[in-house]
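Chemist: Take a look at coords.cif, mmCIF, C-alpha atoms:
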data_query
loop_
_atom_site.label_atom_id
_atom_site.label_comp_id
_atom_site.auth_asym_id
_atom_site.auth_seq_id
_atom_site.Cartn_x
_atom_site.Cartn_y
_atom_site.Cartn_z
CA GLY A 1 -145.27 188.47 37.08
CA GLY A 2 -148.85 189.18 38.04
CA GLU A 3 -150.14 187.59 34.85
CA GLY A 4 -147.94 184.47 34.94
CA VAL A 5 -144.88 183.72 32.80
CA ASP A 6 -145.08 183.16 29.04
CA LEU A 7 -146.14 179.68 27.89
CA LEU A 8 -146.99 178.78 31.49
CA SER A 9 -149.81 176.42 30.52
CA ASP A 10 -147.58 174.59 28.00
CA ILE A 11 -144.78 174.31 30.56
CA VAL A 12 -147.13 172.82 33.16
CA ASP A 13 -148.47 170.31 30.62
CA ALA A 14 -144.93 169.27 29.70
CA LEU A 15 -143.88 168.94 33.35
CA TYR A 16 -146.95 166.84 34.19
CA ALA A 17 -146.45 164.46 31.27
CA LYS A 18 -142.70 164.07 31.81
CA PHE A 19 -143.01 163.46 35.55
CA ARG A 20 -145.71 160.86 35.00
CA LYS A 21 -143.67 159.02 32.36
CA ALA A 22 -140.40 159.23 34.32
CA GLY A 23 -141.98 157.94 37.54
CA VAL A 24 -141.34 161.19 39.41
CA ASP A 25 -143.77 161.93 42.25
CA ALA A 26 -144.44 165.66 42.49
CA THR A 27 -146.85 168.44 43.34
CA ILE A 28 -146.71 171.24 40.78
CA CYS A 29 -147.81 174.53 42.37
CA VAL A 30 -148.63 176.99 39.60
CA VAL A 31 -148.73 180.66 40.59
CA CYS A 32 -151.12 182.15 38.04
CA GLY A 33 -151.18 185.63 39.55
CA ARG A 34 -154.18 187.60 38.32
CA ASN A 35 -154.68 185.26 35.36
CA ALA A 36 -157.99 183.79 36.55
CA ASN A 37 -158.59 182.07 33.21
CA LEU A 38 -155.36 180.09 33.52
CA LYS A 39 -156.18 179.09 37.09
CA THR A 40 -159.61 177.82 35.98
CA GLU A 41 -158.05 176.00 33.04
CA LEU A 42 -155.64 174.14 35.32
CA GLU A 43 -158.43 173.23 37.76
CA THR A 44 -160.65 171.77 35.04
CA LYS A 45 -158.06 170.23 32.69
CA ASP A 46 -158.21 166.55 31.74
CA TRP A 47 -154.70 165.57 32.83
CA GLU A 48 -154.98 162.02 31.53
CA ARG A 49 -155.62 163.49 28.10
CA VAL A 50 -152.52 165.66 28.50
CA LEU A 51 -150.54 162.49 29.16
CA ARG A 52 -152.05 160.67 26.17
CA ASP A 53 -151.42 163.63 23.87
CA SER A 54 -147.77 163.72 24.94
CA HIS A 55 -147.35 160.20 23.51
CA ALA A 56 -148.96 161.04 20.16
CA PRO A 57 -146.47 161.59 17.28
CA LEU A 58 -146.54 165.06 15.77
CA PRO A 59 -146.25 165.77 12.04
CA PRO A 60 -142.72 166.78 10.96
CA SER A 61 -143.97 170.21 9.86
CA SER A 62 -145.48 170.99 13.27
CA PRO A 63 -143.82 173.96 15.04
CA THR A 64 -144.10 172.03 18.29
CA LYS A 65 -142.26 169.13 16.67
CA ARG A 66 -139.43 171.43 15.70
CA LEU A 67 -139.27 173.09 19.11
CA SER A 68 -139.52 169.94 21.20
CA LYS A 69 -136.27 168.32 20.08
CA ARG A 70 -135.33 168.38 23.73
CA ARG A 71 -132.13 166.39 23.53
CA ARG A 72 -130.79 168.54 20.69
CA LEU A 73 -131.73 171.70 22.54
CA LEU A 74 -130.15 170.56 25.79
CA GLU A 75 -126.98 169.65 23.89
CA PHE A 76 -126.92 173.16 22.40
CA LEU A 77 -127.08 174.61 25.92
CA ARG A 78 -124.38 172.26 27.25
CA PRO A 79 -121.48 174.82 27.24
CA HIS A 80 -123.49 177.25 29.36
CA ARG A 81 -124.63 175.03 32.26
CA SER A 82 -122.61 173.73 35.19
CA LYS A 83 -120.66 170.49 34.76
CA ARG A 84 -122.47 168.95 37.75
CA ILE A 85 -125.89 169.54 36.16
CA GLN A 86 -124.64 168.21 32.82
CA GLN A 87 -123.38 165.03 34.49
CA THR A 88 -126.86 164.33 35.83
CA LEU A 89 -128.49 164.99 32.45
CA ASP A 90 -126.08 162.62 30.71
CA LYS A 91 -126.57 159.94 33.37
CA VAL A 92 -130.38 160.08 33.35
CA HIS A 93 -130.62 160.26 29.56
CA GLU A 94 -128.32 157.25 29.20
CA ARG A 95 -130.41 155.26 31.67
CA GLU A 96 -133.66 156.25 29.93
CA ASP A 97 -132.27 155.21 26.54
CA ILE A 98 -131.23 151.81 27.89
CA GLU A 99 -134.58 151.25 29.61
CA GLU A 100 -136.46 152.17 26.45
CA ALA A 101 -134.29 149.86 24.34
CA VAL A 102 -134.89 146.82 26.58
CA GLY A 103 -138.53 147.63 27.30
CA ILE A 104 -138.30 148.65 30.96
CA TYR A 105 -141.10 150.98 32.06
CA HIS A 106 -141.61 152.85 35.34
CA ALA A 107 -144.78 152.93 37.38
CA PRO A 108 -146.34 156.31 36.52
CA GLY A 109 -145.36 159.12 38.82
CA LYS A 110 -147.99 160.51 41.16
CA VAL A 111 -148.38 164.10 40.06
CA ASP A 112 -150.79 166.74 41.37
CA VAL A 113 -151.24 170.17 39.78
CA VAL A 114 -152.36 172.97 42.10
CA GLY A 115 -153.40 176.23 40.50
CA LEU A 116 -152.82 179.25 42.74
CA GLY A 117 -154.02 182.80 42.26
CA PHE A 118 -152.15 185.92 43.34
CA VAL A 119 -150.26 184.87 46.46
CA THR A 120 -148.70 187.04 49.16
CA ASN A 121 -146.80 184.25 50.95
CA MET A 122 -144.38 183.38 48.15
CA ALA A 123 -141.53 182.92 50.61
CA GLU A 124 -143.37 180.01 52.24
CA TYR A 125 -143.84 178.28 48.89
CA MET A 126 -140.17 178.81 48.03
CA VAL A 127 -139.01 177.28 51.31
CA ALA A 128 -141.25 174.23 50.71
CA ALA A 129 -140.28 173.77 47.04
CA ASP A 130 -137.48 171.63 45.56
CA VAL A 131 -137.22 173.56 42.25
CA LEU A 132 -138.50 176.94 41.04
CA VAL A 133 -139.50 177.35 37.37
CA THR A 134 -139.76 181.05 36.56
CA LYS A 135 -138.80 183.96 34.31
CA ALA A 136 -135.54 185.76 35.07
CA GLY A 137 -136.90 188.48 37.34
CA PRO A 138 -134.17 189.87 39.64
CA GLY A 139 -136.31 189.86 42.78
CA THR A 140 -137.45 186.27 42.24
CA ILE A 141 -133.90 185.03 41.67
CA ALA A 142 -132.63 186.90 44.73
CA GLU A 143 -135.39 185.41 46.90
CA ALA A 144 -134.73 181.90 45.56
CA ALA A 145 -130.99 182.19 46.22
CA ALA A 146 -131.63 183.46 49.74
CA VAL A 147 -133.51 180.25 50.63
CA GLY A 148 -131.27 177.88 48.64
CA LEU A 149 -133.78 177.08 45.88
CA PRO A 150 -132.58 175.70 42.50
CA VAL A 151 -133.98 177.67 39.55
CA MET A 152 -135.01 176.85 35.98
CA LEU A 153 -135.32 180.09 34.01
CA THR A 154 -137.85 180.01 31.17
CA SER A 155 -137.45 183.49 29.69
CA PHE A 156 -135.92 186.92 30.18
CA LEU A 157 -136.42 190.46 28.94
CA PRO A 158 -133.56 191.31 26.52
CA GLY A 159 -131.15 193.76 28.06
CA GLN A 160 -133.11 194.32 31.25
CA GLU A 161 -132.93 190.73 32.57
CA ALA A 162 -130.21 189.11 30.44
CA GLY A 163 -127.59 189.51 33.17
CA ASN A 164 -129.82 187.71 35.66
CA VAL A 165 -129.50 184.51 33.62
CA ASN A 166 -125.72 184.67 34.02
CA VAL A 167 -126.09 184.97 37.80
CA VAL A 168 -127.92 181.63 37.88
CA LEU A 169 -125.69 179.85 35.36
CA ASP A 170 -122.40 181.13 36.80
CA GLY A 171 -123.62 180.33 40.30
CA GLY A 172 -124.35 176.74 39.30
CA PHE A 173 -127.80 176.68 40.89
CA GLY A 174 -129.93 176.48 37.76
CA ASP A 175 -130.25 176.64 34.00
CA HIS A 176 -132.07 178.51 31.24
CA CYS A 177 -134.35 176.90 28.65
CA GLU A 178 -137.33 178.34 26.76
CA ASP A 179 -138.79 175.14 25.27
CA PRO A 180 -141.51 173.52 27.44
CA ASP A 181 -140.39 169.97 26.62
CA GLY A 182 -136.76 170.84 27.28
CA ILE A 183 -137.68 172.47 30.59
CA ALA A 184 -139.66 169.41 31.67
CA ASP A 185 -136.92 167.00 30.62
CA GLU A 186 -134.19 168.82 32.54
CA VAL A 187 -136.22 169.46 35.71
CA SER A 188 -137.21 165.78 35.72
CA CYS A 189 -133.52 164.85 35.58
CA TRP A 190 -132.75 167.16 38.49
CA LEU A 191 -135.44 165.61 40.65
CA GLN A 192 -134.07 162.13 39.97
CA ASP A 193 -130.72 163.10 41.52
CA GLU A 194 -131.16 163.99 45.18
CA GLN A 195 -127.48 164.82 45.60
CA LEU A 196 -127.60 167.28 42.70
CA ILE A 197 -130.52 169.11 44.34
CA LYS A 198 -128.46 169.39 47.55
CA VAL A 199 -125.44 170.74 45.62
CA MET A 200 -127.54 173.29 43.71
CA SER A 201 -129.27 174.36 46.92
CA GLN A 202 -125.92 174.99 48.62
CA GLN A 203 -124.61 176.94 45.62
CA ALA A 204 -127.76 179.06 45.63
CA ARG A 205 -127.16 179.93 49.29
CA GLU A 206 -123.59 180.94 48.51
CA VAL A 207 -124.90 183.42 45.95
CA GLY A 208 -127.81 184.62 48.07
CA HIS A 209 -127.81 187.56 50.47
CA PRO A 210 -130.80 186.95 52.76
CA HIS A 211 -130.08 190.02 54.91
CA ALA A 212 -129.41 192.39 52.01
CA ALA A 213 -132.52 194.53 52.58
CA SER A 214 -131.81 195.13 56.26
CA ASP A 215 -128.10 195.75 55.51
CA ILE A 216 -129.09 198.41 52.95
CA VAL A 217 -131.38 200.10 55.48
CA VAL A 218 -128.56 200.16 58.06
CA ASP A 219 -126.11 201.61 55.51
CA ILE A 220 -128.60 204.30 54.50
CA GLY A 221 -129.22 205.13 58.14
CA ASP A 222 -125.50 205.33 58.93
CA SER A 223 -124.85 207.53 55.90
CA THR A 224 -127.74 209.81 56.82
CA HIS A 225 -126.48 210.20 60.39
CA ARG A 226 -122.96 211.05 59.18
CA VAL A 227 -124.32 213.70 56.81
CA MET A 228 -126.50 215.18 59.55
CA GLU A 229 -123.57 215.29 61.96
CA ARG A 230 -121.36 217.03 59.39
CA ASN A 231 -124.10 219.56 58.60
CA GLY A 232 -124.64 220.19 62.31
CA SER A 233 -120.93 220.79 62.88
CA ALA A 234 -120.77 223.13 59.91
CA LYS A 235 -123.66 225.24 61.21
CA LYS A 236 -122.02 225.58 64.64
CA LYS A 237 -118.92 226.99 62.97
#
Rewrite the structure from the file as structure tokens, please.
Modeler:
Amino acid sequence: GGEGVDLLSDIVDALYAKFRKAGVDATICVVCGRNANLKTELETKDWERVLRDSHAPLPPSSPTKRLSKRRRLLEFLRPHRSKRIQQTLDKVHEREDIEEAVGIYHAPGKVDVVGLGFVTNMAEYMVAADVLVTKAGPGTIAEAAAVGLPVMLTSFLPGQEAGNVNVVLDGGFGDHCEDPDGIADEVSCWLQDEQLIKVMSQQAREVGHPHAASDIVVDIGDSTHRVMERNGSAKKK
């Protein structure tokens, strides 16, 4: 939306920290819309502090501690996501557990955060992106599918947008998670499996209808002409 999705700042922080720790090189383009304060915050944030804070243990009573049980949350969502995505999550998590147990650490990922204002060339950003993190707006999902862009949905409006989540999950080109740490963990896993990104991109294209708008215009025009022809014939009689 024009004001940016809910918890956008927390999601960006989580993505930055996870990518750095997992050794994932990335540029995070954050569309802040008309939220000038968020754009300024991203431009002036101490990202090294964000990384340090992500390592700090949180008290058990902390709401963030309860919400950021990312493995437990991702396990809860397991029945709803595609088997191919789940295979990648299991594989990456297993490797991370082994590396942590034996003391293997990655070189930090090179991560840049770019805060954007209200943009009018969203299609260009979508074509250039590997993954889209967004709320479940129907137009956004349709545009992403049309260009073969995998999608991580972070929220939806009950009733109005709930069905849009099913389109992404059933299509196998994304997932839904509302916890910033869980979002970051899963997107990081996706980006560590190049073949998965290719599969999700292809499945998105199979769902997408890039010429839907022009097809609708043609159908409306054809229907209008048929009605006009019938009305003209009726008047002649």
Chemist: Carefully work through the PyMOL selection byres ((chain A and resi 99-114) around 7) for this structure and note down the residues it includes, as a ChimeraX atom specification.
Modeler: /A:16,19-30,95-98,115-116
Chemist: What does the structure give for the distance between CA of Leu132 (chain A) and CA of Leu196 (chain A), in Å to one decimal?
Modeler: 14.7 Å
Chemist: Which residues fall under the PyMOL selection byres ((chain A and resi 15) around 8) in this file, as a ChimeraX atom specification?
Modeler: /A:11-14,16-19,180-181,183-185,188
Chemist: Take the selection from the previous step and output its residues with C-alpha atoms, as an mmCIF file, in the coordinates of the input.
Modeler:
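Listed below is the output, selection.cif:
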data_model
loop_
_atom_site.group_PDB
_atom_site.id
_atom_site.type_symbol
_atom_site.label_atom_id
_atom_site.label_comp_id
_atom_site.auth_asym_id
_atom_site.auth_seq_id
_atom_site.Cartn_x
_atom_site.Cartn_y
_atom_site.Cartn_z
ATOM 1 C CA ILE A 11 -144.780 174.310 30.560
ATOM 2 C CA VAL A 12 -147.130 172.820 33.160
ATOM 3 C CA ASP A 13 -148.470 170.310 30.620
ATOM 4 C CA ALA A 14 -144.930 169.270 29.700
ATOM 5 C CA TYR A 16 -146.950 166.840 34.190
ATOM 6 C CA ALA A 17 -146.450 164.460 31.270
ATOM 7 C CA LYS A 18 -142.700 164.070 31.810
ATOM 8 C CA PHE A 19 -143.010 163.460 35.550
ATOM 9 C CA PRO A 180 -141.510 173.520 27.440
ATOM 10 C CA ASP A 181 -140.390 169.970 26.620
ATOM 11 C CA ILE A 183 -137.680 172.470 30.590
ATOM 12 C CA ALA A 184 -139.660 169.410 31.670
ATOM 13 C CA ASP A 185 -136.920 167.000 30.620
ATOM 14 C CA SER A 188 -137.210 165.780 35.720
#
Chemist: Give me, please, the distance in Å between CA of Asp179 (chain A) and CA of Asp10 (chain A), quoted to one decimal.
Modeler: 9.2 Å
Chemist: Which one is closest to Asn166 (chain A): A:Lys198, A:His80, A:Lys91, A:Arg52? Count all atoms listed in the file.
Modeler: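 Among A:Lys198, A:His80, A:Lys91, A:Arg52, it is A:His80 that comes nearest to Asn166 (chain A).
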Chemist: Have a look at A:Ala123, A:Thr154, A:Val168, A:Met228 and name the one nearest to Pro138 (chain A); count all atoms listed in the file.
Modeler: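 Using all atoms listed in the file, the shortest distance to Pro138 (chain A) belongs to A:Val168.
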Chemist: Please compute the CA of Asp170 (chain A)-CA of Cys189 (chain A) distance, one decimal, in Å.
Modeler: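 Result for CA of Asp170 (chain A) versus CA of Cys189 (chain A): 19.8 Å, one decimal.
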Chemist: Please determine, counting all atoms listed in the file, which residue among A:Val227, A:Val133, A:Gly139, A:Ala146 has the shortest atom-to-atom distance to Ser201 (chain A).
Modeler: A:Ala146
Chemist: Taking into account only C-alpha atoms, which residue in the set A:Lys135, A:Arg205, A:His225, A:Arg81 is nearest to Gly174 (chain A)?
Modeler: A:Arg81
Chemist: Please expand the PyMOL selection byres ((chain A and resi 151) around 7) into the concrete residues it hits in this file, giving the result as a list in words.
Modeler: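 That expression, the PyMOL selection byres ((chain A and resi 151) around 7), corresponds here to Val131, Leu132, Val133, Leu149, Pro150, Met152, Leu153, Phe173, Gly174 and Asp175 of chain A.
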Chemist: Given the point (-132.0, 165.3, 35.0) in the coordinates of this file, which residues lie within 9 Å, counting all atoms listed in the file, and how would they look as a PyMOL selection string?
Modeler: chain A and resi 85-93+185-193
Chemist: Using all atoms listed in the file, find the one residue out of A:Leu38, A:Glu178, A:Gly148, A:Gly137 that sits nearest to Gln160 (chain A).
Modeler: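 Of all the options, A:Gly137 lies closest to Gln160 (chain A).
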Chemist: Kindly output region 92-103 of chain A as a short mmCIF file (atom, residue, chain, number, x, y, z; two decimals), in the frame of the given file, after building all heavy atoms.
Modeler:
data_model
loop_
_atom_site.label_atom_id
_atom_site.label_comp_id
_atom_site.auth_asym_id
_atom_site.auth_seq_id
_atom_site.Cartn_x
_atom_site.Cartn_y
_atom_site.Cartn_z
N VAL A 92 -128.96 160.42 33.43
CA VAL A 92 -130.38 160.08 33.35
C VAL A 92 -130.78 159.75 31.93
O VAL A 92 -131.52 158.79 31.68
CB VAL A 92 -131.25 161.22 33.92
CG1 VAL A 92 -132.73 160.93 33.70
CG2 VAL A 92 -130.97 161.42 35.40
N HIS A 93 -130.28 160.53 30.97
CA HIS A 93 -130.62 160.26 29.56
C HIS A 93 -130.09 158.89 29.13
O HIS A 93 -130.77 158.15 28.40
CB HIS A 93 -130.05 161.35 28.66
CG HIS A 93 -130.77 162.65 28.78
ND1 HIS A 93 -130.21 163.86 28.42
CD2 HIS A 93 -132.02 162.94 29.23
CE1 HIS A 93 -131.07 164.83 28.63
NE2 HIS A 93 -132.18 164.29 29.12
N GLU A 94 -128.88 158.55 29.55
CA GLU A 94 -128.32 157.25 29.20
C GLU A 94 -129.17 156.12 29.78
O GLU A 94 -129.46 155.13 29.10
CB GLU A 94 -126.88 157.14 29.71
CG GLU A 94 -126.21 155.80 29.38
CD GLU A 94 -124.79 155.72 29.90
OE1 GLU A 94 -124.36 156.63 30.64
OE2 GLU A 94 -124.10 154.74 29.58
N ARG A 95 -129.59 156.28 31.03
CA ARG A 95 -130.41 155.26 31.67
C ARG A 95 -131.77 155.14 30.97
O ARG A 95 -132.26 154.04 30.73
CB ARG A 95 -130.64 155.59 33.14
CG ARG A 95 -131.30 154.46 33.92
CD ARG A 95 -131.67 154.88 35.32
NE ARG A 95 -132.77 155.82 35.32
CZ ARG A 95 -132.80 156.95 36.02
NH1 ARG A 95 -131.76 157.29 36.75
NH2 ARG A 95 -133.85 157.74 35.97
N GLU A 96 -132.37 156.27 30.61
CA GLU A 96 -133.66 156.25 29.93
C GLU A 96 -133.56 155.58 28.56
O GLU A 96 -134.46 154.82 28.16
CB GLU A 96 -134.20 157.68 29.76
CG GLU A 96 -134.67 158.32 31.06
CD GLU A 96 -135.16 159.74 30.86
OE1 GLU A 96 -134.85 160.34 29.81
OE2 GLU A 96 -135.84 160.25 31.75
N ASP A 97 -132.46 155.83 27.85
CA ASP A 97 -132.27 155.21 26.54
C ASP A 97 -132.14 153.69 26.66
O ASP A 97 -132.71 152.93 25.86
CB ASP A 97 -131.03 155.78 25.85
CG ASP A 97 -131.23 157.23 25.41
OD1 ASP A 97 -132.39 157.66 25.32
OD2 ASP A 97 -130.21 157.92 25.17
N ILE A 98 -131.40 153.25 27.68
CA ILE A 98 -131.23 151.81 27.89
C ILE A 98 -132.55 151.17 28.27
O ILE A 98 -132.93 150.11 27.73
CB ILE A 98 -130.17 151.54 28.99
CG1 ILE A 98 -128.79 151.99 28.51
CG2 ILE A 98 -130.16 150.07 29.38
CD1 ILE A 98 -127.72 151.91 29.57
N GLU A 99 -133.29 151.80 29.18
CA GLU A 99 -134.58 151.25 29.61
C GLU A 99 -135.56 151.17 28.46
O GLU A 99 -136.32 150.19 28.33
CB GLU A 99 -135.15 152.10 30.75
CG GLU A 99 -134.35 151.98 32.05
CD GLU A 99 -134.83 152.92 33.11
OE1 GLU A 99 -135.61 153.85 32.79
OE2 GLU A 99 -134.44 152.75 34.28
N GLU A 100 -135.56 152.19 27.60
CA GLU A 100 -136.46 152.17 26.45
C GLU A 100 -136.07 151.06 25.47
O GLU A 100 -136.93 150.38 24.91
CB GLU A 100 -136.43 153.53 25.75
CG GLU A 100 -137.39 153.63 24.56
CD GLU A 100 -137.40 155.01 23.95
OE1 GLU A 100 -136.71 155.91 24.47
OE2 GLU A 100 -138.09 155.18 22.93
N ALA A 101 -134.76 150.87 25.29
CA ALA A 101 -134.29 149.86 24.34
C ALA A 101 -134.65 148.44 24.78
O ALA A 101 -134.95 147.58 23.94
CB ALA A 101 -132.78 149.99 24.16
N VAL A 102 -134.61 148.18 26.09
CA VAL A 102 -134.89 146.82 26.58
C VAL A 102 -136.32 146.66 27.07
O VAL A 102 -136.70 145.60 27.56
CB VAL A 102 -133.91 146.44 27.71
CG1 VAL A 102 -132.48 146.47 27.21
CG2 VAL A 102 -134.08 147.36 28.92
N GLY A 103 -137.12 147.74 26.95
CA GLY A 103 -138.53 147.63 27.30
C GLY A 103 -138.84 147.71 28.78
O GLY A 103 -139.80 147.10 29.26
#
